[in-house]
>>> print(open('query_33.cif').read())   # mmCIF, C-alpha atoms and all ligand atoms
data_work
#
loop_
_atom_site.label_atom_id
_atom_site.label_comp_id
_atom_site.auth_asym_id
_atom_site.auth_seq_id
_atom_site.Cartn_x
_atom_site.Cartn_y
_atom_site.Cartn_z
CA MET S 1 -16.80 0.72 6.63
CA LYS S 2 -18.04 3.50 8.92
CA GLN S 3 -21.49 3.38 10.47
CA ASN S 4 -23.94 5.29 8.25
CA THR S 5 -24.22 8.52 10.18
CA GLN S 6 -26.66 10.44 8.03
CA SER S 7 -29.24 9.60 5.42
CA HIS S 8 -27.90 10.35 1.97
CA GLN S 9 -30.20 12.38 -0.21
CA PRO S 10 -29.53 11.58 -3.86
CA MET S 11 -28.59 15.11 -4.89
CA LEU S 12 -26.28 14.30 -7.74
CA ILE S 13 -28.44 12.78 -10.45
CA ASP S 14 -27.05 12.90 -13.97
CA PRO S 15 -29.09 13.46 -17.17
CA TYR S 16 -29.55 9.69 -17.52
CA GLY S 17 -31.05 9.29 -14.04
CA ARG S 18 -27.93 7.79 -12.47
CA HIS S 19 -27.24 8.66 -8.84
CA ILE S 20 -23.60 9.67 -8.44
CA GLU S 21 -22.48 8.54 -5.00
CA TYR S 22 -18.88 7.42 -5.52
CA LEU S 23 -15.70 9.39 -6.25
CA ARG S 24 -12.28 8.09 -7.22
CA LEU S 25 -9.62 10.47 -6.00
CA SER S 26 -6.21 10.39 -7.65
CA VAL S 27 -3.69 11.73 -5.14
CA THR S 28 -0.75 11.45 -7.53
CA ASP S 29 -0.11 10.58 -11.17
CA LYS S 30 3.33 9.15 -10.28
CA CYS S 31 4.08 5.50 -9.75
CA ASN S 32 6.89 3.29 -8.51
CA LEU S 33 6.01 0.62 -11.13
CA ARG S 34 5.60 0.78 -14.91
CA CYS S 35 2.87 -1.71 -15.84
CA PHE S 36 3.16 -1.77 -19.62
CA TYR S 37 -0.62 -1.48 -20.15
CA CYS S 38 -0.83 1.58 -17.89
CA MET S 39 2.31 3.72 -18.05
CA PRO S 40 4.94 3.65 -20.82
CA SER S 41 8.48 2.91 -19.58
CA GLY S 42 10.50 6.11 -19.44
CA PHE S 43 7.29 8.16 -19.09
CA LYS S 44 8.10 11.39 -17.26
CA ASP S 45 5.35 13.79 -18.23
CA PHE S 46 3.96 14.13 -14.70
CA GLU S 47 2.05 17.04 -13.22
CA ASP S 48 4.19 19.70 -11.50
CA LYS S 49 3.93 19.64 -7.74
CA GLU S 50 2.38 23.14 -7.74
CA SER S 51 -0.54 21.71 -9.72
CA TRP S 52 -1.35 19.02 -7.18
CA LEU S 53 -4.35 19.72 -5.03
CA THR S 54 -3.15 20.23 -1.46
CA PHE S 55 -4.69 18.19 1.36
CA ASP S 56 -6.70 21.30 2.36
CA GLU S 57 -8.04 21.63 -1.19
CA ILE S 58 -8.85 17.93 -1.41
CA GLU S 59 -10.69 18.06 1.90
CA LYS S 60 -12.69 21.06 0.71
CA VAL S 61 -13.77 19.28 -2.48
CA ILE S 62 -14.60 16.00 -0.74
CA LYS S 63 -16.61 17.86 1.91
CA ALA S 64 -18.69 19.43 -0.86
CA PHE S 65 -19.23 16.04 -2.50
CA THR S 66 -20.25 14.36 0.75
CA GLU S 67 -22.80 17.08 1.40
CA LEU S 68 -24.18 16.31 -2.05
CA GLY S 69 -24.66 12.64 -1.19
CA VAL S 70 -21.32 11.07 -2.19
CA ALA S 71 -20.73 8.56 0.59
CA ARG S 72 -17.84 6.56 -0.84
CA VAL S 73 -14.37 7.69 -1.90
CA ARG S 74 -11.45 5.62 -3.16
CA LEU S 75 -7.85 6.85 -3.01
CA THR S 76 -6.03 5.91 -6.19
CA GLY S 77 -3.46 7.21 -8.67
CA GLY S 78 -0.84 6.61 -10.07
CA GLU S 79 0.30 4.86 -6.95
CA PRO S 80 -1.35 6.62 -4.00
CA LEU S 81 1.21 5.41 -1.45
CA VAL S 82 4.05 7.32 -3.13
CA ARG S 83 2.42 10.59 -2.03
CA LYS S 84 3.76 11.61 1.39
CA ASN S 85 1.55 11.42 4.50
CA ILE S 86 -1.34 9.69 2.80
CA SER S 87 -2.59 8.28 6.10
CA GLU S 88 -2.88 11.87 7.36
CA LEU S 89 -5.12 12.67 4.40
CA ALA S 90 -7.11 9.51 5.08
CA THR S 91 -7.71 10.58 8.68
CA ARG S 92 -8.92 14.00 7.51
CA LEU S 93 -11.34 12.44 5.04
CA THR S 94 -12.73 9.68 7.26
CA THR S 95 -13.71 12.24 9.86
CA LEU S 96 -15.92 14.12 7.36
CA PRO S 97 -19.58 13.58 8.25
CA GLY S 98 -21.33 11.71 5.45
CA LEU S 99 -18.29 9.83 4.20
CA ASP S 100 -19.15 6.22 5.05
CA ASP S 101 -16.43 4.43 3.17
CA LEU S 102 -12.86 5.39 2.30
CA SER S 103 -10.98 2.72 0.38
CA LEU S 104 -7.65 2.43 -1.41
CA SER S 105 -6.32 0.99 -4.68
CA THR S 106 -2.62 0.22 -4.52
CA ASN S 107 0.12 -1.83 -6.12
CA ALA S 108 1.16 -2.74 -2.53
CA VAL S 109 4.88 -2.06 -3.06
CA LEU S 110 4.87 0.31 -0.07
CA LEU S 111 2.02 -1.32 1.82
CA ALA S 112 4.12 -3.30 4.31
CA LYS S 113 5.36 -0.04 5.86
CA GLN S 114 2.05 1.79 5.76
CA SER S 115 -0.66 -0.82 6.47
CA ILE S 116 -1.10 -0.16 10.16
CA ALA S 117 -1.25 3.63 9.82
CA LEU S 118 -3.72 3.38 6.93
CA HIS S 119 -5.95 0.98 8.82
CA GLN S 120 -5.85 3.18 11.91
CA ALA S 121 -6.77 6.16 9.72
CA GLY S 122 -10.07 4.45 8.96
CA ILE S 123 -9.46 2.74 5.62
CA SER S 124 -10.95 -0.72 5.91
CA ARG S 125 -11.01 -2.07 2.36
CA ILE S 126 -8.22 -2.24 -0.18
CA ASN S 127 -7.78 -3.36 -3.77
CA VAL S 128 -4.34 -4.60 -4.74
CA SER S 129 -3.14 -4.97 -8.33
CA LEU S 130 -1.47 -8.33 -8.82
CA ASP S 131 -1.38 -9.85 -12.30
CA THR S 132 0.97 -12.76 -11.62
CA LEU S 133 2.60 -14.81 -8.87
CA LYS S 134 5.75 -15.45 -10.91
CA PRO S 135 8.64 -13.07 -10.15
CA GLU S 136 9.88 -13.04 -13.79
CA THR S 137 6.43 -12.36 -15.22
CA PHE S 138 5.88 -9.67 -12.58
CA SER S 139 9.07 -7.97 -13.61
CA LYS S 140 8.13 -8.26 -17.31
CA ILE S 141 4.73 -6.63 -16.69
CA THR S 142 5.71 -3.98 -14.13
CA GLY S 143 9.50 -3.55 -14.29
CA GLY S 144 9.56 -4.17 -10.51
CA LEU S 145 9.91 -6.88 -7.86
CA LEU S 146 7.15 -9.20 -6.69
CA GLN S 147 8.32 -9.87 -3.12
CA PRO S 148 7.54 -6.40 -1.64
CA VAL S 149 4.00 -6.74 -3.05
CA LEU S 150 3.49 -10.13 -1.39
CA ASP S 151 4.94 -8.74 1.87
CA GLY S 152 2.57 -5.78 1.60
CA LEU S 153 -0.41 -8.07 1.10
CA MET S 154 0.43 -10.22 4.11
CA THR S 155 0.95 -7.15 6.30
CA ALA S 156 -2.39 -5.76 5.17
CA LYS S 157 -4.10 -9.04 5.97
CA ALA S 158 -2.54 -9.04 9.45
CA ALA S 159 -3.56 -5.38 9.96
CA GLY S 160 -7.20 -6.41 9.47
CA PHE S 161 -8.21 -4.98 6.08
CA SER S 162 -11.34 -6.72 4.83
CA PRO S 163 -12.14 -7.38 2.13
CA ILE S 164 -8.81 -7.40 0.29
CA LYS S 165 -9.51 -7.60 -3.43
CA ILE S 166 -6.87 -8.72 -5.91
CA ASN S 167 -7.19 -7.02 -9.30
CA MET S 168 -5.70 -9.17 -12.03
CA VAL S 169 -5.57 -7.80 -15.57
CA ALA S 170 -6.09 -10.88 -17.78
CA MET S 171 -3.63 -10.87 -20.68
CA LYS S 172 -3.28 -13.33 -23.52
CA GLY S 173 0.27 -14.67 -23.77
CA ILE S 174 1.30 -13.03 -20.48
CA ASN S 175 -0.61 -14.50 -17.54
CA ASP S 176 -3.33 -16.64 -19.14
CA ASP S 177 -1.71 -19.77 -17.70
CA GLU S 178 -2.02 -18.48 -14.13
CA PHE S 179 -5.71 -18.01 -13.48
CA GLU S 180 -6.12 -21.17 -11.42
CA GLU S 181 -2.97 -20.47 -9.45
CA MET S 182 -4.35 -17.05 -8.55
CA VAL S 183 -7.68 -18.62 -7.53
CA GLU S 184 -5.79 -20.99 -5.19
CA PHE S 185 -3.77 -18.07 -3.76
CA CYS S 186 -6.96 -16.12 -3.04
CA LEU S 187 -8.65 -19.19 -1.52
CA GLU S 188 -5.67 -19.70 0.76
CA HIS S 189 -5.63 -16.08 1.98
CA ASP S 190 -9.33 -15.31 1.91
CA PHE S 191 -8.92 -12.58 -0.73
CA THR S 192 -11.53 -11.66 -3.34
CA LEU S 193 -10.35 -11.99 -6.94
CA ARG S 194 -11.34 -9.72 -9.83
CA PHE S 195 -10.32 -10.13 -13.41
CA ILE S 196 -10.06 -7.00 -15.56
CA GLU S 197 -10.09 -6.64 -19.35
CA THR S 198 -7.34 -4.44 -20.77
CA MET S 199 -8.63 -1.04 -21.80
CA PRO S 200 -7.12 1.03 -24.63
CA MET S 201 -5.82 4.04 -22.69
CA GLY S 202 -3.40 6.63 -24.07
CA SER S 203 -0.12 5.61 -25.66
CA THR S 204 -0.20 2.21 -23.92
CA GLY S 205 -3.43 1.31 -25.73
CA ASP S 206 -1.91 -0.61 -28.66
CA GLU S 207 0.28 -2.75 -26.43
CA ALA S 208 -2.64 -3.42 -24.06
CA GLY S 209 -4.86 -4.26 -27.03
CA LYS S 210 -2.44 -6.94 -28.30
CA HIS S 211 -3.00 -8.97 -25.14
CA TYR S 212 -6.74 -8.32 -24.82
CA MET S 213 -8.82 -11.26 -23.60
CA ASN S 214 -12.58 -11.47 -23.45
CA LEU S 215 -13.26 -12.44 -19.84
CA GLN S 216 -15.98 -14.82 -20.94
CA SER S 217 -13.16 -17.16 -21.99
CA VAL S 218 -11.52 -16.77 -18.56
CA LYS S 219 -14.78 -17.71 -16.89
CA GLN S 220 -15.12 -20.76 -19.16
CA GLN S 221 -11.55 -21.79 -18.37
CA LEU S 222 -12.27 -21.58 -14.61
CA ALA S 223 -15.60 -23.37 -14.93
CA LYS S 224 -13.71 -26.47 -16.16
CA HIS S 225 -11.96 -26.70 -12.79
CA TYR S 226 -14.32 -25.16 -10.26
CA PRO S 227 -18.08 -25.36 -9.57
CA LEU S 228 -19.04 -21.71 -10.22
CA ILE S 229 -22.34 -20.37 -8.94
CA PRO S 230 -23.71 -16.81 -9.29
CA GLY S 231 -22.31 -14.58 -6.54
CA VAL S 232 -22.92 -11.11 -5.18
CA MET S 233 -20.53 -8.66 -3.62
CA PRO S 234 -21.88 -5.77 -1.55
CA GLY S 235 -20.67 -2.53 -3.17
CA GLY S 236 -19.28 -4.61 -6.02
CA GLY S 237 -19.34 -1.76 -8.56
CA PRO S 238 -18.95 -2.72 -12.20
CA ALA S 239 -17.73 -6.27 -11.51
CA ARG S 240 -20.07 -9.18 -12.15
CA TYR S 241 -19.43 -11.91 -9.57
CA VAL S 242 -19.44 -15.68 -9.36
CA GLN S 243 -18.58 -17.78 -6.35
CA ILE S 244 -16.90 -21.16 -6.04
CA ARG S 245 -19.45 -23.49 -4.44
CA ASN S 246 -18.76 -24.38 -0.79
CA THR S 247 -16.08 -21.69 -0.46
CA GLY S 248 -16.22 -18.02 0.43
CA LEU S 249 -14.26 -17.08 -2.69
CA ARG S 250 -15.93 -14.53 -4.90
CA ILE S 251 -14.56 -13.91 -8.36
CA GLY S 252 -15.48 -10.71 -10.19
CA PHE S 253 -15.22 -9.87 -13.89
CA ILE S 254 -14.75 -6.26 -14.97
CA THR S 255 -15.62 -6.13 -18.64
CA PRO S 256 -15.65 -2.57 -20.01
CA ILE S 257 -15.06 -3.80 -23.56
CA SER S 258 -17.13 -6.96 -23.96
CA GLN S 259 -20.06 -5.83 -21.79
CA HIS S 260 -20.68 -2.14 -21.07
CA PHE S 261 -21.51 -1.28 -17.49
CA CYS S 262 -22.20 2.39 -18.22
CA GLU S 263 -25.94 2.19 -17.54
CA THR S 264 -25.25 1.68 -13.83
CA CYS S 265 -22.24 4.02 -13.57
CA ASN S 266 -22.37 5.83 -10.23
CA ARG S 267 -18.95 7.48 -10.20
CA VAL S 268 -16.79 10.43 -11.19
CA ARG S 269 -13.03 10.93 -10.90
CA LEU S 270 -10.92 13.76 -9.50
CA SER S 271 -7.37 13.88 -10.84
CA VAL S 272 -4.31 15.06 -8.90
CA ASP S 273 -4.47 18.49 -10.58
CA GLY S 274 -8.07 18.99 -9.51
CA THR S 275 -9.77 18.14 -12.81
CA LEU S 276 -13.13 16.46 -12.36
CA TYR S 277 -13.49 13.78 -15.05
CA LEU S 278 -17.04 12.69 -15.66
CA CYS S 279 -16.24 9.46 -17.54
CA LEU S 280 -13.12 7.29 -17.69
CA GLY S 281 -13.53 6.83 -21.42
CA GLN S 282 -14.53 10.37 -22.49
CA ASP S 283 -12.95 13.80 -22.27
CA ASP S 284 -15.80 15.64 -20.48
CA LYS S 285 -14.28 17.46 -17.51
CA VAL S 286 -14.38 20.51 -15.25
CA ALA S 287 -11.22 22.14 -13.84
CA LEU S 288 -11.78 22.76 -10.13
CA ARG S 289 -8.25 23.86 -9.16
CA PRO S 290 -8.42 27.37 -10.66
CA LEU S 291 -11.74 27.91 -8.88
CA LEU S 292 -10.32 26.68 -5.57
CA ARG S 293 -7.27 28.93 -5.93
CA ASP S 294 -9.52 31.90 -6.80
CA GLY S 295 -11.24 31.40 -3.43
CA ILE S 296 -14.55 29.87 -4.53
CA SER S 297 -17.01 29.64 -1.64
CA HIS S 298 -18.28 26.32 -0.33
CA ASN S 299 -21.77 26.83 -1.72
CA GLU S 300 -20.49 27.98 -5.12
CA LEU S 301 -18.31 24.88 -5.27
CA LYS S 302 -21.35 22.70 -4.67
CA THR S 303 -23.20 24.49 -7.47
CA VAL S 304 -20.27 23.91 -9.85
CA ILE S 305 -20.28 20.21 -8.96
CA ILE S 306 -24.04 19.91 -9.56
CA HIS S 307 -23.61 21.55 -13.01
CA ALA S 308 -20.66 19.26 -13.79
CA ILE S 309 -22.74 16.15 -13.09
CA GLY S 310 -25.20 17.54 -15.63
CA GLN S 311 -22.46 17.01 -18.25
CA LYS S 312 -21.80 13.35 -17.50
CA PRO S 313 -21.82 11.43 -20.80
CA GLU S 314 -24.15 8.50 -21.29
CA LYS S 315 -21.37 5.99 -21.97
CA HIS S 316 -17.77 5.44 -22.92
CA GLU S 317 -16.83 4.34 -26.42
CA PHE S 318 -13.93 2.00 -25.84
CA ASN S 319 -13.40 -0.02 -28.95
CA HIS S 320 -10.13 -1.70 -29.70
CA LYS S 321 -10.27 -0.92 -33.41
CA SER S 322 -11.39 2.64 -33.81
CA HIS S 323 -11.13 4.67 -30.62
CA GLN S 324 -8.59 5.32 -27.93
CA VAL S 325 -8.75 7.52 -24.89
CA VAL S 326 -5.82 9.92 -25.07
CA ARG S 327 -5.22 10.02 -21.32
CA LEU S 328 -3.36 7.33 -19.43
CA MET S 329 -5.24 5.54 -16.64
CA SER S 330 -2.73 6.91 -14.12
CA MET S 331 -3.68 10.48 -15.09
CA THR S 332 -7.42 10.11 -14.59
CA GLY S 333 -7.21 7.88 -11.52
CA GLY S 334 -7.88 4.28 -12.47
N1 LIG Q 401 -1.43 1.99 -8.70
C1 LIG Q 401 -2.65 1.46 -8.17
C2 LIG Q 401 -2.87 0.05 -8.64
O1 LIG Q 401 -2.15 -0.40 -9.54
O2 LIG Q 401 -3.78 -0.59 -8.10
C3 LIG Q 401 -3.87 2.31 -8.47
C4 LIG Q 401 -3.99 2.93 -9.82
S1 LIG Q 401 -4.12 1.80 -11.17
C5 LIG Q 401 -4.22 2.93 -12.52
C6 LIG Q 401 -5.77 1.18 -10.95
C7 LIG Q 401 -6.12 -0.05 -11.74
O3 LIG Q 401 -6.12 0.28 -13.11
C8 LIG Q 401 -5.20 -1.23 -11.58
O4 LIG Q 401 -5.94 -2.35 -11.11
C9 LIG Q 401 -4.68 -1.49 -12.98
O5 LIG Q 401 -4.52 -2.86 -13.22
C10 LIG Q 401 -5.76 -0.88 -13.82
N2 LIG Q 401 -5.32 -0.49 -15.17
C11 LIG Q 401 -4.39 0.42 -15.52
N3 LIG Q 401 -4.28 0.52 -16.86
C12 LIG Q 401 -5.18 -0.33 -17.39
C13 LIG Q 401 -5.56 -0.70 -18.70
N4 LIG Q 401 -5.00 -0.15 -19.77
N5 LIG Q 401 -6.53 -1.64 -18.84
C14 LIG Q 401 -7.12 -2.21 -17.76
N6 LIG Q 401 -6.80 -1.91 -16.49
C15 LIG Q 401 -5.84 -0.99 -16.31
FE1 LIG Q 402 1.40 2.04 -11.44
FE2 LIG Q 402 -1.01 1.04 -10.89
FE3 LIG Q 402 -0.43 1.94 -13.34
FE4 LIG Q 402 0.75 -0.28 -12.51
S1 LIG Q 402 -1.45 0.01 -12.82
S2 LIG Q 402 1.77 1.48 -13.53
S3 LIG Q 402 0.96 0.12 -10.39
S4 LIG Q 402 -0.55 3.15 -11.53
#
>>> encode(input="query_33.cif", output="structure tokens")
Amino acid sequence: MKQNTQSHQPMLIDPYGRHIEYLRLSVTDKCNLRCFYCMPSGFKDFEDKESWLTFDEIEKVIKAFTELGVARVRLTGGEPLVRKNISELATRLTTLPGLDDLSLSTNAVLLAKQSIALHQAGISRINVSLDTLKPETFSKITGGLLQPVLDGLMTAKAAGFSPIKINMVAMKGINDDEFEEMVEFCLEHDFTLRFIETMPMGSTGDEAGKHYMNLQSVKQQLAKHYPLIPGVMPGGGPARYVQIRNTGLRIGFITPISQHFCETCNRVRLSVDGTLYLCLGQDDKVALRPLLRDGISHNELKTVIIHAIGQKPEKHEFNHKSHQVVRLMSMTGG
């Protein structure tokens, strides 16, 4: 994390008094895996390249956000590392005054090749999706191979990323026999572990819903084997943390379904086509790309962003029975 170079005035306050200081930036909606809960196999309905924000456009938008008090940005997707020259973009963003923290969410398939360049570009923290340590289960969930992901993780550890957080989507009948194994893996490598509840997104929602697990039961399962004590994680976002006594291992639980975290939501999302989404679970949005391509000035862009934050909904309405978000997670930037 960069040294805090300027004091951040909370300039983006939404109608519910929440200070927006974090942006998730989707640099592509494409992916080299097909996790069944995220992207349907055979899915090809990706954004045309002409619709992608260019690095210049991204830098312009992020500059405006940082001047409005957004100090933290996460590169995500789709799979961010499939977009070419992502470390070049990272370098451009980390040099923006006011951006204290640039992080990355990745499936780690391409991380072994890119770790050093990404770390040198100023990314210090990464989140890696890893739902299983069994090659067959990995292939069943993602359609891909586990080994490149493990290689990517070890290269990232050697490159000095810290913390490295493992995101494990907990799924009944898929990986619910592997929670302790993943705890041991994270203990061994000094990773942080976060469990995630499946969310009903787009056309993958029904399939994801079939395997839904309330994370309270995961916590109870772990508590039988480990002495869990309340834990904290600086910048921990929506995860609620516990720690295993006498170890440094923190375990987070991200529970959008069983326990809302909307009241403390501090984030918005920018998709690859330049749409600013104000809530992961609602359709409220503002299209920035047409404005950028019409030559909007820097100050006008800031005004548009301030107005957009005024439209942020109070909460999402995920509910496995009655409501589904029509977008896929990879479109909005998960
Ligand atoms: N490709 C990168 C990765 O997998 O980390 C970044 C993008 S991915 C959309 C971000 C996160 O969203 C991953 O941790 C993934 O597990 C999670 N995710 C995707 N679809 C989900 C769903 N339906 N329910 C819960 N989590 C989901
Ligand atoms: Fe790709 Fe990440 Fe979605 Fe899996 S969760 S399909 S790795 S974008």
>>> residues_around(input="query_33.cif", residues="Lys219 of chain S", least_positions_apart="5", cutoff="12 Å", atoms="only C-alpha atoms", output="number ranges by chain")
S: 170, 176, 179-180, 183, 194-196, 213-214, 224-230, 240-244, 251-255
>>> residues_near_point(input="query_33.cif", point="(-6.9, 19.8, -11.7)", cutoff="7 Å", atoms="all atoms listed in the file", output="number ranges by chain")
S: 51, 271-275, 287-289
>>> residues_around(input="query_33.cif", residues="Tyr277 of chain S", least_positions_apart="6", cutoff="9 Å", atoms="only C-alpha atoms", output="ChimeraX atom specification")
/S:268-271,283-287,312,332
>>> residues_near_point(input="query_33.cif", point="(-18.5, 23.9, -0.1)", cutoff="9 Å", atoms="only C-alpha atoms", output="list in words")
Lys60, Val61, Ile62, Lys63, Ala64, Phe65, Glu67, Ile296, Ser297, His298, Asn299, Glu300, Leu301, Lys302 and Thr303 of chain S
>>> closest_residue(input="query_33.cif", among="S:Cys35, S:Ala112, S:Ile257, S:Ala121", to="Leu150 of chain S", atoms="all atoms listed in the file")
S:Ala112
>>> closest_residue(input="query_33.cif", among="S:Ala159, S:Leu81, S:Met11, S:Ile20", to="ligand LIG 402 (chain Q)", atoms="all atoms listed in the file")
S:Leu81
>>> atom_distance(input="query_33.cif", atom1="atom CA of Phe36 of chain S", atom2="atom CA of Ile141 of chain S")
5.9 Å
>>> closest_atom_pairs(input="query_33.cif", of="chain S", to="ligand LIG 402 (chain Q)", cutoff="6 Å", atoms="all atoms listed in the file", output="CSV")
residue,atom,partner,partner_atom,distance
S:Cys31,CA,Q:LIG402,FE1,4.7
S:Leu33,CA,Q:LIG402,FE1,4.8
S:Arg34,CA,Q:LIG402,S2,4.1
S:Cys35,CA,Q:LIG402,S2,4.1
S:Cys38,CA,Q:LIG402,FE3,4.6
S:Met39,CA,Q:LIG402,S2,5.1
S:Gly77,CA,Q:LIG402,S4,5.8
S:Gly78,CA,Q:LIG402,S4,3.8
S:Glu79,CA,Q:LIG402,S4,5.0
S:Asn107,CA,Q:LIG402,S3,4.8
S:Ser330,CA,Q:LIG402,S4,5.1
>>> closest_residue(input="query_33.cif", among="S:Cys265, S:Val73, S:Ile86, S:Ile116", to="Phe161 of chain S", atoms="only C-alpha atoms")
S:Ile116
>>> atom_distance(input="query_33.cif", atom1="atom CA of Thr66 of chain S", atom2="atom CA of Leu291 of chain S")
18.7 Å
>>> closest_residue(input="query_33.cif", among="S:Met154, S:Met182, S:Cys262, S:Ile126", to="ligand LIG 401 (chain Q)", atoms="only C-alpha atoms and all ligand atoms")
S:Ile126
>>> residues_around(input="query_33.cif", residues="Gly160 of chain S", least_positions_apart="2", cutoff="8 Å", atoms="only C-alpha atoms", output="list in words")
His119, Ser124, Ala156, Lys157, Ala158 and Ser162 of chain S
>>> closest_residue(input="query_33.cif", among="S:Asn167, S:Thr132, S:Gln220, S:Thr28", to="ligand LIG 401 (chain Q)", atoms="only C-alpha atoms and all ligand atoms")
S:Asn167
>>> decode(input="query_33.cif", residues="segment 61-79 of chain S", atoms="N, CA and C atoms", output="PDB file, in the first residue's frame")
ATOM      1  N   VAL S  61     -10.816   8.655 -15.919  1.00  0.00           N
ATOM      2  CA  VAL S  61     -11.914   8.428 -14.970  1.00  0.00           C
ATOM      3  C   VAL S  61     -11.361   8.229 -13.557  1.00  0.00           C
ATOM      4  N   ILE S  62     -10.297   7.448 -13.447  1.00  0.00           N
ATOM      5  CA  ILE S  62      -9.753   7.166 -12.105  1.00  0.00           C
ATOM      6  C   ILE S  62      -9.163   8.454 -11.502  1.00  0.00           C
ATOM      7  N   LYS S  63      -8.574   9.272 -12.337  1.00  0.00           N
ATOM      8  CA  LYS S  63      -8.042  10.558 -11.838  1.00  0.00           C
ATOM      9  C   LYS S  63      -9.178  11.381 -11.226  1.00  0.00           C
ATOM     10  N   ALA S  64     -10.304  11.414 -11.939  1.00  0.00           N
ATOM     11  CA  ALA S  64     -11.460  12.173 -11.420  1.00  0.00           C
ATOM     12  C   ALA S  64     -11.927  11.581 -10.088  1.00  0.00           C
ATOM     13  N   PHE S  65     -12.008  10.267 -10.021  1.00  0.00           N
ATOM     14  CA  PHE S  65     -12.441   9.630  -8.762  1.00  0.00           C
ATOM     15  C   PHE S  65     -11.465   9.920  -7.621  1.00  0.00           C
ATOM     16  N   THR S  66     -10.169   9.847  -7.906  1.00  0.00           N
ATOM     17  CA  THR S  66      -9.209  10.073  -6.807  1.00  0.00           C
ATOM     18  C   THR S  66      -9.309  11.515  -6.306  1.00  0.00           C
ATOM     19  N   GLU S  67      -9.559  12.434  -7.211  1.00  0.00           N
ATOM     20  CA  GLU S  67      -9.707  13.828  -6.765  1.00  0.00           C
ATOM     21  C   GLU S  67     -10.984  14.013  -5.955  1.00  0.00           C
ATOM     22  N   LEU S  68     -11.897  13.064  -6.075  1.00  0.00           N
ATOM     23  CA  LEU S  68     -13.137  13.125  -5.289  1.00  0.00           C
ATOM     24  C   LEU S  68     -13.045  12.243  -4.037  1.00  0.00           C
ATOM     25  N   GLY S  69     -11.846  11.807  -3.707  1.00  0.00           N
ATOM     26  CA  GLY S  69     -11.659  11.105  -2.435  1.00  0.00           C
ATOM     27  C   GLY S  69     -11.611   9.590  -2.528  1.00  0.00           C
ATOM     28  N   VAL S  70     -11.671   9.019  -3.746  1.00  0.00           N
ATOM     29  CA  VAL S  70     -11.554   7.557  -3.856  1.00  0.00           C
ATOM     30  C   VAL S  70     -10.066   7.202  -3.808  1.00  0.00           C
ATOM     31  N   ALA S  71      -9.667   6.507  -2.752  1.00  0.00           N
ATOM     32  CA  ALA S  71      -8.248   6.237  -2.531  1.00  0.00           C
ATOM     33  C   ALA S  71      -7.861   4.808  -2.874  1.00  0.00           C
ATOM     34  N   ARG S  72      -8.863   3.964  -3.111  1.00  0.00           N
ATOM     35  CA  ARG S  72      -8.567   2.542  -3.338  1.00  0.00           C
ATOM     36  C   ARG S  72      -9.260   2.053  -4.605  1.00  0.00           C
ATOM     37  N   VAL S  73      -8.511   1.355  -5.434  1.00  0.00           N
ATOM     38  CA  VAL S  73      -9.070   0.799  -6.679  1.00  0.00           C
ATOM     39  C   VAL S  73      -8.628  -0.665  -6.776  1.00  0.00           C
ATOM     40  N   ARG S  74      -9.550  -1.505  -7.212  1.00  0.00           N
ATOM     41  CA  ARG S  74      -9.204  -2.915  -7.449  1.00  0.00           C
ATOM     42  C   ARG S  74      -9.413  -3.249  -8.920  1.00  0.00           C
ATOM     43  N   LEU S  75      -8.408  -3.838  -9.539  1.00  0.00           N
ATOM     44  CA  LEU S  75      -8.538  -4.315 -10.928  1.00  0.00           C
ATOM     45  C   LEU S  75      -9.205  -5.680 -10.892  1.00  0.00           C
ATOM     46  N   THR S  76     -10.269  -5.826 -11.681  1.00  0.00           N
ATOM     47  CA  THR S  76     -10.973  -7.096 -11.689  1.00  0.00           C
ATOM     48  C   THR S  76     -11.539  -7.340 -13.085  1.00  0.00           C
ATOM     49  N   GLY S  77     -12.488  -8.273 -13.194  1.00  0.00           N
ATOM     50  CA  GLY S  77     -13.060  -8.574 -14.505  1.00  0.00           C
ATOM     51  C   GLY S  77     -14.324  -9.399 -14.321  1.00  0.00           C
ATOM     52  N   GLY S  78     -14.544 -10.278 -15.225  1.00  0.00           N
ATOM     53  CA  GLY S  78     -13.697 -11.098 -16.057  1.00  0.00           C
ATOM     54  C   GLY S  78     -12.353 -11.389 -15.388  1.00  0.00           C
ATOM     55  N   GLU S  79     -11.457 -11.863 -16.189  1.00  0.00           N
ATOM     56  CA  GLU S  79     -10.114 -12.122 -15.657  1.00  0.00           C
ATOM     57  C   GLU S  79      -9.181 -10.995 -16.108  1.00  0.00           C
TER      58      GLU S  79
END
